[in-house]
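Source file: entry_30.txt. Holds: compact mmCIF, C-alpha atoms.
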```txt
# COMPACT_ATOMS: atom_id res chain seq x y z
CA MET N 1 168.09 224.01 79.22
CA ALA N 2 170.11 225.09 82.22
CA PHE N 3 173.83 225.91 82.09
CA GLY N 4 176.21 227.90 84.22
CA ALA N 5 175.83 227.97 87.99
CA ARG N 6 173.05 225.91 89.56
CA VAL N 7 171.48 228.73 91.54
CA ASP N 8 168.13 230.56 91.53
CA ARG N 9 168.06 234.29 90.80
CA CYS N 10 165.64 237.18 90.43
CA GLY N 11 166.35 240.04 88.08
CA GLU N 12 165.07 242.27 85.31
CA VAL N 13 165.10 240.85 81.78
CA VAL N 14 166.67 243.03 79.06
CA PHE N 15 167.79 242.25 75.52
CA ASN N 16 171.12 243.08 73.92
CA THR N 17 171.29 243.38 70.12
CA GLY N 18 175.07 242.98 69.77
CA MET N 19 176.34 240.22 67.50
CA CYS N 20 179.50 239.57 69.52
CA GLY N 21 181.30 240.67 72.68
CA TYR N 22 179.44 238.49 75.15
CA GLN N 23 182.38 238.33 77.58
CA GLU N 24 182.58 242.13 77.74
CA ILE N 25 178.81 242.19 78.25
CA LEU N 26 178.99 239.62 81.05
CA THR N 27 181.67 241.63 82.88
CA ASP N 28 180.02 245.05 82.49
CA PRO N 29 178.91 246.12 86.01
CA SER N 30 176.10 248.15 84.42
CA TYR N 31 174.21 244.86 84.03
CA ALA N 32 173.97 244.32 87.79
CA GLY N 33 170.53 243.00 88.70
CA GLN N 34 169.64 242.05 85.12
CA PHE N 35 169.10 238.91 83.04
CA VAL N 36 170.77 239.63 79.71
CA THR N 37 169.07 238.15 76.65
CA LEU N 38 171.39 237.96 73.65
CA THR N 39 169.52 238.22 70.35
CA THR N 40 172.35 236.72 68.30
CA ALA N 41 171.65 233.08 67.43
CA GLU N 42 174.78 231.28 68.69
CA VAL N 43 176.79 232.15 71.79
CA GLY N 44 179.97 230.62 73.23
CA ASN N 45 181.82 229.79 70.02
CA TYR N 46 184.96 231.76 70.89
CA GLY N 47 184.94 230.92 74.59
CA VAL N 48 186.30 233.30 77.23
CA ASN N 49 189.77 234.46 78.23
CA PRO N 50 191.28 236.57 81.03
CA GLU N 51 192.30 239.41 78.68
CA ASP N 52 188.78 240.46 77.74
CA VAL N 53 187.25 240.97 81.19
CA GLU N 54 185.85 244.46 81.80
CA SER N 55 185.66 244.40 85.60
CA ARG N 56 186.64 242.38 88.64
CA GLY N 57 183.73 239.98 88.27
CA LEU N 58 180.25 239.24 86.97
CA PHE N 59 177.40 241.32 88.40
CA LEU N 60 174.50 240.34 86.12
CA SER N 61 171.75 238.09 87.47
CA GLY N 62 171.87 235.62 84.60
CA LEU N 63 172.27 234.97 80.87
CA VAL N 64 169.54 233.96 78.40
CA ILE N 65 170.59 232.68 74.95
CA GLY N 66 169.44 230.66 71.97
CA ASP N 67 172.12 228.09 71.09
CA LEU N 68 175.08 227.32 73.36
CA THR N 69 178.16 226.31 71.40
CA GLU N 70 181.52 224.93 72.45
CA PRO N 71 184.56 227.20 71.98
CA SER N 72 186.78 226.96 68.93
CA ASN N 73 189.25 229.81 69.21
CA TYR N 74 192.97 229.95 69.96
CA ARG N 75 192.47 232.66 72.60
CA ALA N 76 189.90 230.70 74.60
CA THR N 77 190.98 229.47 78.02
CA GLN N 78 187.52 228.40 79.22
CA SER N 79 184.07 227.62 77.88
CA LEU N 80 181.18 229.99 78.54
CA ASP N 81 179.44 227.30 80.61
CA ALA N 82 182.50 226.78 82.83
CA TYR N 83 183.01 230.53 83.14
CA LEU N 84 179.48 231.10 84.41
CA LYS N 85 179.80 228.18 86.81
CA ALA N 86 183.05 229.56 88.22
CA ASN N 87 181.47 232.97 88.76
CA GLY N 88 178.18 231.82 90.26
CA VAL N 89 175.97 233.08 87.41
CA PRO N 90 173.08 230.96 86.06
CA GLY N 91 172.18 230.67 82.40
CA ILE N 92 169.50 229.17 80.22
CA TYR N 93 169.73 228.18 76.54
CA GLY N 94 167.31 226.82 73.97
CA VAL N 95 165.17 229.93 74.38
CA ASP N 96 163.52 231.66 71.42
CA THR N 97 165.33 234.88 72.25
CA ARG N 98 163.88 236.79 69.32
CA ALA N 99 160.33 236.05 70.46
CA LEU N 100 161.35 237.11 73.97
CA THR N 101 162.83 240.32 72.55
CA ILE N 102 159.56 241.11 70.75
CA HIS N 103 157.70 240.55 74.02
CA LEU N 104 160.02 242.94 75.87
CA ARG N 105 159.70 245.56 73.13
CA GLU N 106 155.92 245.39 73.37
CA HIS N 107 155.56 245.17 77.14
CA GLY N 108 158.78 246.68 78.46
CA ASN N 109 161.50 245.13 80.62
CA GLN N 110 160.12 242.46 82.94
CA LYS N 111 160.95 241.19 86.40
CA ALA N 112 161.78 237.51 86.26
CA TRP N 113 162.99 234.49 88.21
CA LEU N 114 165.41 231.94 86.81
CA GLY N 115 165.17 228.58 88.52
CA ASN N 116 168.49 226.92 87.82
CA GLY N 117 169.13 225.25 91.14
CA ARG N 118 167.08 224.26 94.16
CA ILE N 119 163.30 224.61 94.31
CA ILE N 120 162.06 227.28 96.70
CA GLU N 121 160.03 226.06 99.67
CA TRP N 122 157.66 228.18 101.75
CA SER N 123 156.61 227.02 105.20
CA ASN N 124 157.69 223.49 104.32
CA ASN N 125 155.04 223.35 101.61
CA ARG N 126 156.41 222.56 98.18
CA MET N 127 154.57 224.58 95.58
CA ASP N 128 154.52 224.48 91.83
CA GLU N 129 157.91 225.76 90.64
CA GLU N 130 156.48 228.10 88.04
CA ARG N 131 154.11 229.69 90.53
CA GLU N 132 156.89 230.06 93.08
CA GLY N 133 159.10 231.74 90.50
CA ILE N 134 156.40 234.24 89.61
CA GLU N 135 155.81 235.07 93.26
CA ALA N 136 159.56 235.42 93.89
CA ALA N 137 159.89 237.81 90.94
CA LYS N 138 156.95 239.89 92.21
CA ARG N 139 158.53 240.16 95.65
CA TRP N 140 161.89 241.25 94.26
CA GLU N 141 162.47 244.98 94.83
CA GLY N 142 163.52 245.64 91.24
CA LEU N 143 165.92 248.33 90.02
CA ASP N 144 163.80 251.45 90.42
CA GLY N 145 164.88 253.53 93.40
CA GLN N 146 167.88 251.26 94.00
CA ASP N 147 171.48 252.42 94.41
CA TYR N 148 173.46 249.70 92.66
CA ALA N 149 176.48 251.93 92.05
CA SER N 150 177.68 251.50 95.62
CA ARG N 151 177.32 247.71 95.26
CA VAL N 152 179.59 247.43 92.23
CA SER N 153 182.10 250.22 93.00
CA CYS N 154 185.63 249.61 94.28
CA LYS N 155 186.10 249.87 98.03
CA GLU N 156 189.42 251.70 98.03
CA PRO N 157 191.10 254.18 95.62
CA TYR N 158 193.73 252.85 93.22
CA GLU N 159 195.94 254.03 90.38
CA PHE N 160 195.47 252.72 86.86
CA GLY N 161 198.08 252.67 84.09
CA LEU N 162 198.30 251.33 80.54
CA GLY N 163 198.90 247.58 80.37
CA GLN N 164 197.12 247.11 83.69
CA SER N 165 193.75 245.63 84.59
CA PRO N 166 191.62 247.30 87.29
CA SER N 167 192.89 246.20 90.68
CA PHE N 168 189.75 247.18 92.59
CA ASP N 169 190.28 245.24 95.79
CA ARG N 170 193.15 243.18 94.37
CA PRO N 171 196.83 244.11 94.74
CA SER N 172 198.00 246.66 92.17
CA ASP N 173 200.35 244.12 90.58
CA SER N 174 197.49 242.31 88.84
CA SER N 175 198.31 238.91 87.39
CA PHE N 176 196.51 239.74 84.14
CA ASP N 177 199.02 240.70 81.48
CA ARG N 178 197.40 242.86 78.78
CA SER N 179 200.60 243.66 76.93
CA HIS N 180 199.67 241.16 74.21
CA SER N 181 195.93 241.85 74.15
CA THR N 182 194.30 241.68 70.74
CA ILE N 183 191.88 244.48 71.65
CA ARG N 184 192.35 247.37 69.23
CA PRO N 185 194.64 249.95 70.89
CA PHE N 186 193.48 253.45 71.73
CA ASP N 187 193.78 255.87 68.80
CA HIS N 188 196.33 258.39 70.08
CA SER N 189 195.86 260.57 67.00
CA ILE N 190 192.68 262.02 68.51
CA ILE N 191 194.67 263.50 71.41
CA ARG N 192 196.65 266.69 70.89
CA PRO N 193 199.60 266.99 73.28
CA PHE N 194 198.60 268.32 76.68
CA ASP N 195 200.62 271.40 77.58
CA HIS N 196 202.56 269.78 80.38
CA SER N 197 206.23 269.45 79.56
CA ILE N 198 206.66 266.15 81.38
CA ILE N 199 203.68 265.30 83.56
CA SER N 200 200.45 264.12 81.97
CA PRO N 201 197.14 265.54 83.21
CA ARG N 202 195.68 263.88 86.27
CA VAL N 203 192.17 262.48 85.98
CA ILE N 204 190.14 261.16 88.87
CA CYS N 205 187.54 258.60 87.84
CA TYR N 206 184.46 258.05 89.97
CA ASP N 207 183.78 254.32 89.88
CA PHE N 208 180.03 253.79 89.59
CA GLY N 209 180.71 250.54 87.70
CA VAL N 210 183.66 251.47 85.50
CA LYS N 211 184.90 249.19 82.70
CA THR N 212 188.51 248.31 81.97
CA ASN N 213 188.65 249.83 78.52
CA ILE N 214 187.33 253.15 79.81
CA LEU N 215 190.29 253.29 82.18
CA ARG N 216 192.62 252.17 79.41
CA SER N 217 191.29 254.96 77.17
CA LEU N 218 191.86 257.57 79.88
CA ALA N 219 195.30 256.20 80.74
CA ALA N 220 196.36 256.69 77.11
CA PHE N 221 196.78 260.40 77.86
CA ALA N 222 196.41 260.89 81.63
CA ARG N 223 197.44 259.67 85.04
CA VAL N 224 194.31 257.98 86.34
CA THR N 225 193.17 257.55 89.93
CA VAL N 226 189.98 255.57 90.49
CA VAL N 227 187.92 256.39 93.58
CA PRO N 228 184.86 254.72 95.17
CA ALA N 229 181.40 255.99 94.24
CA GLN N 230 180.80 257.68 97.59
CA THR N 231 184.06 259.64 97.74
CA PRO N 232 183.27 263.24 98.86
CA ALA N 233 183.89 266.00 96.35
CA ALA N 234 186.19 267.74 98.84
CA ASP N 235 188.48 264.70 98.88
CA VAL N 236 188.62 264.73 95.08
CA LEU N 237 189.36 268.46 94.87
CA ALA N 238 192.07 268.08 97.51
CA GLN N 239 194.02 265.97 94.99
CA GLN N 240 193.98 268.90 92.53
CA PRO N 241 192.95 266.89 89.45
CA ASP N 242 192.96 268.36 85.95
CA GLY N 243 189.66 266.63 85.28
CA VAL N 244 187.06 264.29 86.78
CA PHE N 245 185.49 261.39 84.90
CA LEU N 246 182.04 260.08 85.85
CA SER N 247 181.78 256.43 84.86
CA ASN N 248 179.03 254.14 83.68
CA GLY N 249 177.04 252.11 86.19
CA PRO N 250 173.81 250.23 86.87
CA ALA N 251 170.21 250.88 87.92
CA ASP N 252 168.38 254.10 88.83
CA PRO N 253 170.43 257.35 88.70
CA ALA N 254 167.93 259.24 90.87
CA ALA N 255 168.71 256.84 93.72
CA VAL N 256 172.40 257.80 93.79
CA GLY N 257 171.84 261.01 95.72
CA TYR N 258 175.33 261.26 97.19
CA ALA N 259 176.85 261.28 93.70
CA ILE N 260 174.47 264.01 92.52
CA ALA N 261 175.45 266.16 95.50
CA ASN N 262 179.16 265.56 94.91
CA ILE N 263 178.88 266.49 91.23
CA ARG N 264 177.13 269.75 92.16
CA ASP N 265 180.11 270.55 94.38
CA LEU N 266 182.52 269.80 91.50
CA LEU N 267 180.73 271.80 88.80
CA GLY N 268 182.75 274.84 87.78
CA LYS N 269 185.76 273.82 89.86
CA VAL N 270 187.16 271.12 87.56
CA PRO N 271 186.34 269.84 84.03
CA LEU N 272 183.81 266.99 84.07
CA PHE N 273 183.14 264.22 81.53
CA GLY N 274 180.38 261.69 82.19
CA ILE N 275 179.17 258.61 80.33
CA CYS N 276 176.10 256.40 80.78
CA LEU N 277 175.14 256.62 84.50
CA GLY N 278 177.68 259.44 84.84
CA HIS N 279 175.79 261.33 82.10
CA GLN N 280 172.53 260.91 83.96
CA LEU N 281 174.06 261.96 87.29
CA LEU N 282 175.63 265.08 85.76
CA SER N 283 172.25 265.97 84.24
CA LEU N 284 170.50 265.51 87.58
CA ALA N 285 173.12 267.66 89.28
CA CYS N 286 172.35 270.44 86.79
CA GLY N 287 168.61 270.27 87.45
CA ALA N 288 167.32 267.82 84.84
CA LYS N 289 165.18 264.76 85.59
CA THR N 290 165.50 261.14 84.50
CA GLY N 291 162.94 258.47 83.76
CA ARG N 292 162.66 254.92 82.48
CA LEU N 293 162.82 253.93 78.84
CA LYS N 294 160.31 251.23 77.90
CA PHE N 295 162.95 248.58 77.21
CA GLY N 296 166.23 250.51 77.46
CA HIS N 297 169.16 250.59 75.07
CA HIS N 298 171.47 247.57 75.15
CA GLY N 299 173.84 246.69 72.34
CA CYS N 300 176.73 247.94 70.23
CA ASN N 301 174.79 249.05 67.15
CA HIS N 302 172.78 252.11 68.23
CA PRO N 303 172.87 255.11 65.82
CA VAL N 304 173.48 258.49 67.44
CA LYS N 305 173.63 261.86 65.66
CA ASN N 306 176.17 264.49 66.71
CA LEU N 307 174.20 267.73 66.35
CA ALA N 308 177.34 269.86 66.10
CA THR N 309 178.87 267.98 63.17
CA GLY N 310 175.85 266.24 61.66
CA LYS N 311 177.77 262.96 61.71
CA VAL N 312 176.18 259.69 62.80
CA GLU N 313 178.04 257.43 65.23
CA ILE N 314 177.30 253.76 65.79
CA THR N 315 177.52 253.40 69.55
CA SER N 316 177.68 250.87 72.36
CA GLN N 317 174.94 251.36 74.96
CA ASN N 318 173.64 249.82 78.18
CA HIS N 319 171.02 251.72 80.16
CA ASN N 320 167.36 251.59 81.19
CA PHE N 321 167.00 255.23 82.24
CA ALA N 322 167.40 258.45 80.25
CA VAL N 323 167.25 262.22 80.71
CA LEU N 324 163.71 263.53 80.12
CA PRO N 325 163.81 266.10 77.26
CA GLU N 326 161.23 268.40 78.83
CA SER N 327 163.30 268.62 82.01
CA VAL N 328 166.58 269.86 80.47
CA PRO N 329 167.45 273.19 82.17
CA ASP N 330 168.57 276.28 80.28
CA CYS N 331 172.18 275.77 81.41
CA LEU N 332 172.47 272.58 79.33
CA ALA N 333 172.55 272.12 75.55
CA VAL N 334 171.65 268.86 73.82
CA THR N 335 174.60 267.68 71.71
CA HIS N 336 173.60 264.16 70.61
CA VAL N 337 170.31 262.37 69.91
CA ASN N 338 169.38 258.73 69.38
CA LEU N 339 168.18 258.12 65.82
CA ASN N 340 166.02 255.15 66.83
CA ASP N 341 163.78 256.90 69.35
CA GLY N 342 164.93 260.54 69.51
CA SER N 343 166.06 260.29 73.15
CA ILE N 344 168.85 262.50 74.48
CA GLU N 345 172.31 260.98 74.04
CA GLY N 346 174.57 263.91 74.92
CA LEU N 347 174.58 267.17 76.88
CA ARG N 348 177.05 270.00 77.40
CA HIS N 349 177.00 272.77 80.00
CA LYS N 350 176.73 276.15 78.29
CA THR N 351 179.05 278.06 80.62
CA LEU N 352 181.01 275.50 82.67
CA PRO N 353 183.54 272.86 81.51
CA ALA N 354 181.28 269.81 81.69
CA PHE N 355 179.79 267.44 79.12
CA SER N 356 178.42 263.92 78.95
CA VAL N 357 177.06 261.21 76.66
CA GLN N 358 174.59 258.42 77.33
CA TYR N 359 176.64 255.74 75.59
CA HIS N 360 180.02 253.96 76.02
CA PRO N 361 182.74 255.59 73.87
CA GLU N 362 185.42 253.13 75.01
CA SER N 363 184.09 250.55 72.52
CA CYS N 364 184.41 247.25 74.37
CA PRO N 365 182.43 245.73 72.83
CA GLY N 366 181.46 247.94 69.93
CA PRO N 367 182.66 250.27 67.19
CA HIS N 368 185.26 253.00 67.68
CA ASP N 369 183.24 255.90 66.28
CA SER N 370 183.07 257.75 69.60
CA GLN N 371 186.66 257.64 70.81
CA TYR N 372 187.02 261.29 69.80
CA LEU N 373 185.15 262.19 73.00
CA PHE N 374 188.25 261.36 75.05
CA GLY N 375 190.10 263.86 72.87
CA GLU N 376 187.45 266.49 73.63
CA PHE N 377 187.88 265.81 77.34
CA CYS N 378 191.63 266.28 76.98
CA GLU N 379 191.06 269.56 75.11
CA MET N 380 188.65 270.72 77.82
CA MET N 381 191.24 270.05 80.51
CA LYS N 382 193.88 271.80 78.48
CA GLY N 383 191.64 274.84 78.00
CA ALA N 384 190.84 274.98 81.72
CA GLY N 385 194.53 274.75 82.59
CA GLU N 386 195.41 277.70 80.33
CA LYS N 387 192.94 280.05 82.00
```

The structure given in the file should be rewritten as structure tokens.
Amino acid sequence: MAFGARVDRCGEVVFNTGMCGYQEILTDPSYAGQFVTLTTAEVGNYGVNPEDVESRGLFLSGLVIGDLTEPSNYRATQSLDAYLKANGVPGIYGVDTRALTIHLREHGNQKAWLGNGRIIEWSNNRMDEEREGIEAAKRWEGLDGQDYASRVSCKEPYEFGLGQSPSFDRPSDSSFDRSHSTIRPFDHSIIRPFDHSIISPRVICYDFGVKTNILRSLAAFARVTVVPAQTPAADVLAQQPDGVFLSNGPADPAAVGYAIANIRDLLGKVPLFGICLGHQLLSLACGAKTGRLKFGHHGCNHPVKNLATGKVEITSQNHNFAVLPESVPDCLAVTHVNLNDGSIEGLRHKTLPAFSVQYHPESCPGPHDSQYLFGEFCEMMKGAGEK
């Protein structure tokens, strides 16, 4: 059954194994170009609200779920159906999402067409809708070789502070008030005081599809400036930052050549911390290669082992590409591995202040096991500043 916006879309179908957090999933720019299949049985029961958005809008192609339920939660300001309608995103419910997930696990992520609006017409000849959808999906360019980071990035730089939502192209005095948000606050105990008597360290965040809680986590200990994906490294260095953060983002990292070149120019000149797409881009800048996973990692329950401590973290992930183990250059050391498939989940440069992880340590949605990484970034900046 159709719900959400009455439009037709092409995209790549992926499955997300999280049991909750659908609003954060919907507003994660890393899902640009994708139909998100939620494996949890019922979706929509706590509605949506303006406090839990993770970006300026919805970038996914569509939503596929099992049962659609009406909201019953005091925080809800809108139903999921109305929210998708307002943001132009189609959805479909009544799908056996677990059977679909098994299909994707066996055959890999699939191109698809969701017919939720008008019927496509070619040369004034109306064709069978199913056949038209298949042909439309085949014609779609897909995500491989596509730079989606520039599509979802902000257009102008902006400052971000605690209690603020990302302004992106909106005025800095955002109307969203997060002062009473029920999202668990950042754990300040993981941050040792930075050795600046008054001024906090300055972090510049490259926006490849950054999420609100990532910026909130950084702003807990730093002054944060967000810059568009294509900002030259020279412009970043001219601002004399204490560190540079490389954000998450969608699609194929190898297609974001300008970012790889900029990161090469930043290596060794300023501490770097990358996550998700930022992890892949940092790896490429150091000489590694990336490739597709069969069906990607999407969800907030992925086990990752920290090789330095031996501890296992339950992590939030959203990516289709990964660093190829055989391509890791000698200058990089593997720090984290995925316990489901053994793929690389973290890397650290052996001689330069730079490290990255494949997952989302900001935990929206997801567990808080990985917030310590922001503390490590702070320590790295502190160490670089003392030299």

Neighbour residues at most 8 Å from (187.8, 257.2, 87.0) (all atoms listed in the file) as a PyMOL selection string: chain N and resi 203-207+210+215+224-227+244-247

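For the pair atom CA of Leu266 of chain N and atom CA of Ala219 of chain N, the interatomic distance is 21.5 Å.
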
All residues 8 Å or closer to Ala254 of chain N, all atoms listed in the file, same chain fewer than 5 positions away omitted, as a PDB file with C-alpha atoms, keeping the file's coordinate frame:
```pdb
ATOM      1  CA  GLY N 145     164.880 253.530  93.400  1.00  0.00           C
ATOM      2  CA  LEU N 281     174.060 261.960  87.290  1.00  0.00           C
ATOM      3  CA  LEU N 284     170.500 265.510  87.580  1.00  0.00           C
ATOM      4  CA  THR N 290     165.500 261.140  84.500  1.00  0.00           C
TER       5      THR N 290
END
```

Among listed residues N:Thr77, N:Ser343, N:Thr69, N:Ser363, nearest Gly94 of chain N (using all atoms listed in the file):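 Using all atoms listed in the file, the shortest distance to Gly94 of chain N belongs to N:Thr69.
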
Contacts of Asp265 of chain N at 12 Å (only C-alpha atoms; same-chain gap of 5+ positions) as a JSON list (two decimals) with C-alpha atoms, keeping the file's coordinate frame:
```json
[["chain", "number", "residue", "atom", "x", "y", "z"],
["N", 232, "PRO", "CA", 183.27, 263.24, 98.86],
["N", 233, "ALA", "CA", 183.89, 266.00, 96.35],
["N", 234, "ALA", "CA", 186.19, 267.74, 98.84],
["N", 235, "ASP", "CA", 188.48, 264.70, 98.88],
["N", 236, "VAL", "CA", 188.62, 264.73, 95.08],
["N", 237, "LEU", "CA", 189.36, 268.46, 94.87],
["N", 258, "TYR", "CA", 175.33, 261.26, 97.19],
["N", 259, "ALA", "CA", 176.85, 261.28, 93.70],
["N", 260, "ILE", "CA", 174.47, 264.01, 92.52],
["N", 270, "VAL", "CA", 187.16, 271.12, 87.56],
["N", 272, "LEU", "CA", 183.81, 266.99, 84.07],
["N", 282, "LEU", "CA", 175.63, 265.08, 85.76],
["N", 285, "ALA", "CA", 173.12, 267.66, 89.28],
["N", 286, "CYS", "CA", 172.35, 270.44, 86.79]]
```

Answer as a list in words, residues within 7 Å of (172.9, 232.9, 69.2) using only C-alpha atoms: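 So the residues meeting the distance criterion are Leu38, Thr39, Thr40, Ala41, Glu42, Val43, Ile65, Gly66 and Asp67 of chain N.
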
Atomic distance atom CA of Ser200 of chain N - atom CA of Gly274 of chain N, expressed in Å with one decimal: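 Distance reported for this atom pair: 20.2 Å.
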
From N:Val64, N:Cys331, N:Cys10, N:Ala220, residue lying nearest Glu141 of chain N [all atoms listed in the file]: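 Nearest to Glu141 of chain N: N:Cys10.
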